[in-house]
>>> print(open('target22.tsv').read())   # TSV, C-alpha atoms and all ligand atoms
chain	number	residue	atom	x	y	z
A	1	MET	CA	-6.83	-16.85	12.73
A	2	SER	CA	-4.76	-17.99	9.78
A	3	CYS	CA	-5.12	-15.33	7.11
A	4	SER	CA	-4.37	-15.31	3.40
A	5	VAL	CA	-4.43	-11.52	3.06
A	6	ASN	CA	-4.26	-8.68	5.58
A	7	LEU	CA	-4.41	-5.01	4.70
A	8	ARG	CA	-2.69	-2.79	7.26
A	9	GLY	CA	-3.50	0.89	7.06
A	10	VAL	CA	-3.57	0.89	3.26
A	11	SER	CA	-4.06	4.30	1.61
A	12	TYR	CA	-3.96	5.36	-2.02
A	13	LYS	CA	-3.67	8.82	-3.50
A	14	HIS	CA	-4.39	9.64	-7.12
A	15	ASN	CA	-3.51	13.10	-8.45
A	16	LYS	CA	-2.80	14.22	-4.84
A	17	LYS	CA	-6.36	13.28	-3.88
A	18	ASP	CA	-7.04	10.48	-1.37
A	19	LEU	CA	-8.91	7.66	-3.05
A	20	PHE	CA	-9.02	5.75	0.24
A	21	ASN	CA	-7.37	6.04	3.60
A	22	ASP	CA	-6.22	3.64	6.31
A	23	ILE	CA	-7.97	0.51	5.02
A	24	ASN	CA	-7.70	-2.56	7.26
A	25	LEU	CA	-9.04	-5.93	6.17
A	26	ASN	CA	-8.44	-9.59	7.02
A	27	LEU	CA	-9.20	-12.39	4.58
A	28	GLY	CA	-9.16	-15.73	6.40
A	29	HIS	CA	-8.03	-19.06	4.97
A	30	GLU	CA	-10.65	-20.19	2.41
A	31	GLU	CA	-12.87	-17.29	3.41
A	32	LYS	CA	-14.94	-15.44	0.78
A	33	ILE	CA	-15.56	-11.73	1.19
A	34	ALA	CA	-17.24	-9.19	-1.07
A	35	ILE	CA	-16.48	-5.50	-1.56
A	36	ILE	CA	-19.18	-3.18	-2.88
A	37	GLY	CA	-19.12	0.59	-3.49
A	38	SER	CA	-20.23	3.15	-6.02
A	39	ASN	CA	-18.43	3.75	-9.33
A	40	GLY	CA	-15.10	5.47	-8.81
A	41	SER	CA	-14.94	4.64	-5.08
A	42	GLY	CA	-11.69	2.76	-5.65
A	43	LYS	CA	-12.72	-0.90	-5.62
A	44	SER	CA	-10.64	-1.86	-8.67
A	45	THR	CA	-7.66	0.10	-7.34
A	46	LEU	CA	-7.87	-1.70	-3.99
A	47	LEU	CA	-8.04	-5.08	-5.71
A	48	LYS	CA	-5.01	-4.19	-7.88
A	49	ILE	CA	-3.08	-3.29	-4.72
A	50	ILE	CA	-3.88	-6.73	-3.26
A	51	ALA	CA	-2.97	-8.34	-6.61
A	52	GLY	CA	0.47	-6.71	-6.39
A	53	LEU	CA	-0.10	-4.56	-9.48
A	54	ILE	CA	-0.04	-1.19	-7.69
A	55	THR	CA	1.91	-0.12	-4.60
A	56	PRO	CA	-0.15	1.70	-1.93
A	57	SER	CA	0.78	5.31	-1.04
A	58	ASN	CA	0.80	4.28	2.63
A	59	GLY	CA	0.40	1.10	4.65
A	60	TYR	CA	1.09	-2.40	3.35
A	61	VAL	CA	-0.40	-5.74	2.38
A	62	GLU	CA	0.47	-9.04	4.08
A	63	ILE	CA	0.23	-12.24	2.09
A	64	PHE	CA	0.18	-15.34	4.33
A	65	HIS	CA	1.39	-13.06	7.17
A	66	ASN	CA	4.43	-11.83	5.22
A	67	LYS	CA	4.70	-8.08	4.74
A	68	ILE	CA	4.83	-6.82	1.16
A	69	PHE	CA	6.38	-3.37	0.75
A	70	ASN	CA	7.04	-3.30	-2.97
A	71	LEU	CA	6.36	-5.20	-6.15
A	72	LYS	CA	9.61	-7.13	-5.72
A	73	ASP	CA	8.46	-8.53	-2.33
A	74	PHE	CA	5.28	-9.60	-4.07
A	75	LYS	CA	7.05	-11.66	-6.73
A	76	ARG	CA	7.28	-14.86	-4.67
A	77	TYR	CA	3.50	-14.89	-4.21
A	78	ARG	CA	2.65	-14.23	-7.86
A	79	ASN	CA	1.76	-17.93	-8.38
A	80	ASP	CA	-0.50	-18.00	-5.33
A	81	ILE	CA	-2.72	-15.12	-6.36
A	82	ALA	CA	-5.11	-15.10	-9.30
A	83	TYR	CA	-6.62	-11.82	-10.46
A	84	LEU	CA	-9.57	-11.56	-12.84
A	85	PRO	CA	-9.71	-8.00	-14.19
A	86	GLN	CA	-12.95	-6.09	-14.62
A	87	ASP	CA	-12.60	-6.15	-18.41
A	88	VAL	CA	-11.41	-9.56	-19.60
A	89	SER	CA	-11.45	-8.72	-23.30
A	90	ASN	CA	-7.80	-7.61	-23.21
A	91	HIS	CA	-6.84	-10.49	-20.95
A	92	PHE	CA	-6.50	-13.22	-23.59
A	93	LEU	CA	-3.19	-13.99	-25.27
A	94	CYS	CA	-4.20	-16.75	-27.69
A	95	PRO	CA	-6.94	-17.09	-30.29
A	96	THR	CA	-8.59	-20.30	-29.08
A	97	VAL	CA	-9.86	-21.36	-25.66
A	98	ILE	CA	-7.56	-24.36	-25.23
A	99	GLU	CA	-4.44	-22.46	-26.30
A	100	ASP	CA	-5.22	-19.62	-23.93
A	101	VAL	CA	-6.09	-21.86	-20.96
A	102	ILE	CA	-2.74	-23.73	-21.17
A	103	PHE	CA	-0.67	-20.61	-22.00
A	104	SER	CA	0.47	-19.70	-18.47
A	105	LEU	CA	1.18	-23.31	-17.53
A	106	ARG	CA	3.33	-23.70	-20.65
A	107	ALA	CA	5.07	-20.41	-19.85
A	108	ARG	CA	5.98	-21.94	-16.47
A	109	GLY	CA	7.64	-24.85	-18.22
A	110	GLU	CA	4.92	-27.52	-18.00
A	111	ASN	CA	5.05	-29.95	-20.95
A	112	LYS	CA	2.25	-29.76	-23.49
A	113	GLU	CA	0.75	-33.19	-22.76
A	114	ASP	CA	0.38	-32.52	-19.01
A	115	ALA	CA	-0.90	-29.00	-19.63
A	116	LEU	CA	-3.59	-30.34	-22.00
A	117	LEU	CA	-4.68	-32.95	-19.42
A	118	LYS	CA	-4.99	-30.28	-16.74
A	119	ALA	CA	-6.91	-28.03	-19.15
A	120	ASP	CA	-9.37	-30.85	-19.89
A	121	GLU	CA	-9.97	-31.28	-16.16
A	122	ILE	CA	-10.61	-27.60	-15.57
A	123	LEU	CA	-12.83	-27.19	-18.66
A	124	GLU	CA	-14.86	-30.18	-17.46
A	125	GLU	CA	-15.11	-28.75	-13.94
A	126	LEU	CA	-16.32	-25.39	-15.28
A	127	LYS	CA	-18.62	-27.13	-17.80
A	128	ILE	CA	-17.08	-25.43	-20.86
A	129	LYS	CA	-15.48	-28.43	-22.55
A	130	HIS	CA	-17.66	-27.79	-25.62
A	131	LEU	CA	-15.90	-24.42	-26.08
A	132	LYS	CA	-12.41	-25.99	-26.14
A	133	HIS	CA	-11.60	-25.24	-29.80
A	134	ARG	CA	-13.66	-22.08	-30.20
A	135	VAL	CA	-12.15	-18.69	-31.01
A	136	ILE	CA	-12.37	-16.66	-27.80
A	137	PHE	CA	-13.46	-13.45	-29.49
A	138	ASP	CA	-16.55	-15.21	-30.89
A	139	LEU	CA	-17.73	-16.15	-27.39
A	140	SER	CA	-20.32	-14.29	-25.31
A	141	GLY	CA	-19.21	-12.05	-22.42
A	142	GLY	CA	-20.24	-14.71	-19.90
A	143	GLU	CA	-18.36	-17.47	-21.72
A	144	GLN	CA	-15.26	-15.24	-21.92
A	145	LYS	CA	-15.36	-14.65	-18.14
A	146	ILE	CA	-15.49	-18.42	-17.52
A	147	VAL	CA	-12.63	-19.06	-19.97
A	148	ALA	CA	-10.55	-16.38	-18.20
A	149	LEU	CA	-11.38	-18.06	-14.88
A	150	ALA	CA	-10.27	-21.44	-16.28
A	151	GLY	CA	-6.93	-19.88	-17.26
A	152	LEU	CA	-6.50	-18.74	-13.65
A	153	LEU	CA	-7.72	-21.89	-11.89
A	154	ILE	CA	-5.44	-24.19	-13.91
A	155	LEU	CA	-2.51	-22.57	-12.05
A	156	LYS	CA	-4.00	-23.72	-8.70
A	157	PRO	CA	-3.85	-20.35	-6.96
A	158	LYS	CA	-4.55	-20.11	-3.21
A	159	ILE	CA	-6.15	-16.66	-3.37
A	160	ILE	CA	-8.61	-15.48	-6.04
A	161	LEU	CA	-9.42	-11.81	-6.67
A	162	LEU	CA	-12.40	-11.12	-8.92
A	163	ASP	CA	-13.29	-7.66	-10.20
A	164	GLU	CA	-16.98	-7.49	-11.18
A	165	PRO	CA	-17.14	-11.08	-12.45
A	166	THR	CA	-20.79	-10.72	-13.51
A	167	ASN	CA	-20.53	-7.24	-14.98
A	168	ALA	CA	-22.82	-7.01	-18.04
A	169	LEU	CA	-23.79	-10.71	-17.91
A	170	ASP	CA	-27.27	-12.15	-18.32
A	171	GLU	CA	-29.00	-14.02	-15.48
A	172	GLU	CA	-28.07	-17.46	-16.77
A	173	SER	CA	-24.35	-16.65	-17.02
A	174	GLU	CA	-24.52	-15.10	-13.55
A	175	LYS	CA	-26.01	-18.33	-12.16
A	176	LYS	CA	-23.22	-20.36	-13.78
A	177	ILE	CA	-20.59	-18.13	-12.18
A	178	VAL	CA	-22.30	-18.36	-8.77
A	179	ASN	CA	-22.22	-22.17	-9.00
A	180	ILE	CA	-18.57	-22.17	-10.01
A	181	LEU	CA	-17.47	-19.75	-7.29
A	182	ASN	CA	-19.45	-21.60	-4.62
A	183	SER	CA	-17.75	-24.84	-5.60
A	184	ILE	CA	-14.25	-23.36	-5.21
A	185	LYS	CA	-12.83	-23.71	-1.69
A	186	LYS	CA	-10.22	-20.98	-1.75
A	187	SER	CA	-9.67	-17.55	-0.21
A	188	MET	CA	-11.57	-15.11	-2.38
A	189	ILE	CA	-12.32	-11.40	-2.67
A	190	ILE	CA	-15.18	-10.52	-4.99
A	191	VAL	CA	-15.79	-6.93	-6.06
A	192	SER	CA	-19.31	-6.40	-7.37
A	193	HIS	CA	-22.35	-4.23	-7.07
A	194	HIS	CA	-24.81	-7.02	-7.81
A	195	LYS	CA	-26.39	-7.45	-4.38
A	196	SER	CA	-28.19	-10.72	-5.19
A	197	PHE	CA	-25.02	-12.17	-6.71
A	198	ILE	CA	-22.98	-11.30	-3.62
A	199	ASP	CA	-25.63	-12.60	-1.23
A	200	SER	CA	-25.51	-15.97	-2.97
A	201	LEU	CA	-21.75	-16.19	-2.36
A	202	THR	CA	-20.97	-14.81	1.08
A	203	PRO	CA	-22.45	-13.13	4.15
A	204	THR	CA	-19.24	-11.09	4.63
A	205	ILE	CA	-19.69	-7.80	2.81
A	206	TYR	CA	-17.67	-4.59	3.02
A	207	LYS	CA	-18.52	-1.22	1.49
A	208	LEU	CA	-15.92	1.20	0.12
A	209	ASP	CA	-17.37	4.65	0.72
A	210	ASN	CA	-16.10	8.08	1.81
A	211	ASN	CA	-12.48	6.91	1.48
A	212	SER	CA	-12.90	4.06	3.95
A	213	LEU	CA	-13.97	0.44	4.14
A	214	GLU	CA	-16.89	-0.43	6.36
A	215	ARG	CA	-18.19	-3.90	7.29
A	216	LEU	CA	-21.92	-4.12	6.54
A	301	LIG	N1	-3.62	5.04	-12.16
A	301	LIG	C1	-4.76	5.70	-12.38
A	301	LIG	N2	-4.96	6.34	-13.53
A	301	LIG	C2	-6.10	7.01	-13.77
A	301	LIG	N3	-7.11	7.10	-12.89
A	301	LIG	C3	-6.98	6.48	-11.72
A	301	LIG	C4	-5.80	5.74	-11.41
A	301	LIG	N4	-5.95	5.22	-10.21
A	301	LIG	C5	-7.16	5.62	-9.77
A	301	LIG	N5	-7.77	6.40	-10.67
A	301	LIG	C6	-9.08	7.05	-10.47
A	301	LIG	O1	-9.54	6.66	-9.21
A	301	LIG	C7	-10.93	6.46	-9.19
A	301	LIG	C8	-11.29	5.08	-8.70
A	301	LIG	O2	-11.13	4.14	-9.70
A	301	LIG	P1	-11.49	2.60	-9.54
A	301	LIG	O3	-10.56	1.99	-8.56
A	301	LIG	O4	-11.50	2.07	-10.92
A	301	LIG	O5	-12.96	2.65	-8.90
A	301	LIG	P2	-14.14	1.58	-8.97
A	301	LIG	O6	-13.56	0.27	-9.36
A	301	LIG	O7	-14.71	1.59	-7.58
A	301	LIG	O8	-15.12	2.10	-9.96
A	301	LIG	C9	-11.42	6.77	-10.57
A	301	LIG	O9	-11.92	8.07	-10.57
A	301	LIG	C10	-10.17	6.64	-11.42
A	301	LIG	O10	-10.25	7.49	-12.53
A	302	MG	MG	-13.91	-1.00	-10.90
>>> encode(input="target22.tsv", output="structure tokens", more="lines below")
Ligand SMILES: Nc1ncnc2c1ncn2[C@@H]1O[C@H](COP(=O)(O)OP(=O)(O)O)[C@@H](O)[C@H]1O
Ligand SMILES: [Mg+2]
Amino acid sequence: MSCSVNLRGVSYKHNKKDLFNDINLNLGHEEKIAIIGSNGSGKSTLLKIIAGLITPSNGYVEIFHNKIFNLKDFKRYRNDIAYLPQDVSNHFLCPTVIEDVIFSLRARGENKEDALLKADEILEELKIKHLKHRVIFDLSGGEQKIVALAGLLILKPKIILLDEPTNALDEESEKKIVNILNSIKKSMIIVSHHKSFIDSLTPTIYKLDNNSLERL
């Protein structure tokens, strides 16, 4: 099977205590999988390891079948992987939606006109064009999550990692996010403990519990 991400015996220790041990996981091409687990079980840490933000204590991650041993190895895949953190409120770099959505593209050297065209496309696709000139910090939690997602999708990543994308959202915002995620044909790992949300996205669910990852 062609895989986007493989975890090979990944372990992580924090303060000399094992957070998880010998985790193995395969994420197929354009497959969606979910990871659930109680608070503090290590879900966010595992996602940060896959996102190349933390190095595991043991084992390694493979991205497109290439072994990653350190953050330097990860660098060439940085553009392929999008990571939505659990708390998006510190994620924004610009005051308004449109400025923030084009920020990373501009940082990669794209000219302003092309970046604005791409932003229009993505805002249309995510049905948030009406928010284009709004100040991000005035938006609801749900709207902020979708704006953050737009800023990731505009970069055309191949792998998307989402940490509790519906955390603290109302039912309507959750439905919007379900529709968006179901319309995206990319490899995806979704961390959440909303069972109904996960069930509407994928049948492939893993649970992080007792330091290990178990397929449900
Ligand atoms: N770098 C770190 N600094 C502080 N605490 C950490 C760090 N890495 C892991 N932890 C601890 O590990 C545990 C798991 O955290 P986390 O991955 O956020 O779990 P989850 O997302 O499942 O709630 C928590 O108790 C957290 O305090
Ligand atoms: Mg977490």
>>> atom_distance(input="target22.tsv", atom1="CA of Leu53 (chain A)", atom2="CA of Ile189 (chain A)")
15.6 Å
>>> residues_near_ligand(input="target22.tsv", ligand="ligand MG 302 (chain A)", cutoff="12 Å", atoms="only C-alpha atoms and all ligand atoms", output="number ranges by chain")
A: 35-48, 84-87, 162-165, 167, 190-193, 208
>>> atom_distance(input="target22.tsv", atom1="CA of His194 (chain A)", atom2="CA of Leu19 (chain A)")
22.2 Å
>>> axis_aligned_box(input="target22.tsv", around="ligand LIG 301 (chain A)", padding_each_side="6 Å", output="AutoDock Vina command-line options")
--center_x -9.4 --center_y 4.2 --center_z -10.7 --size_x 23.5 --size_y 19.8 --size_z 18.2
>>> closest_residue(input="target22.tsv", among="A:Ile160, A:Leu155, A:Leu27, A:Leu123", to="Ile81 (chain A)", atoms="only C-alpha atoms")
A:Ile160
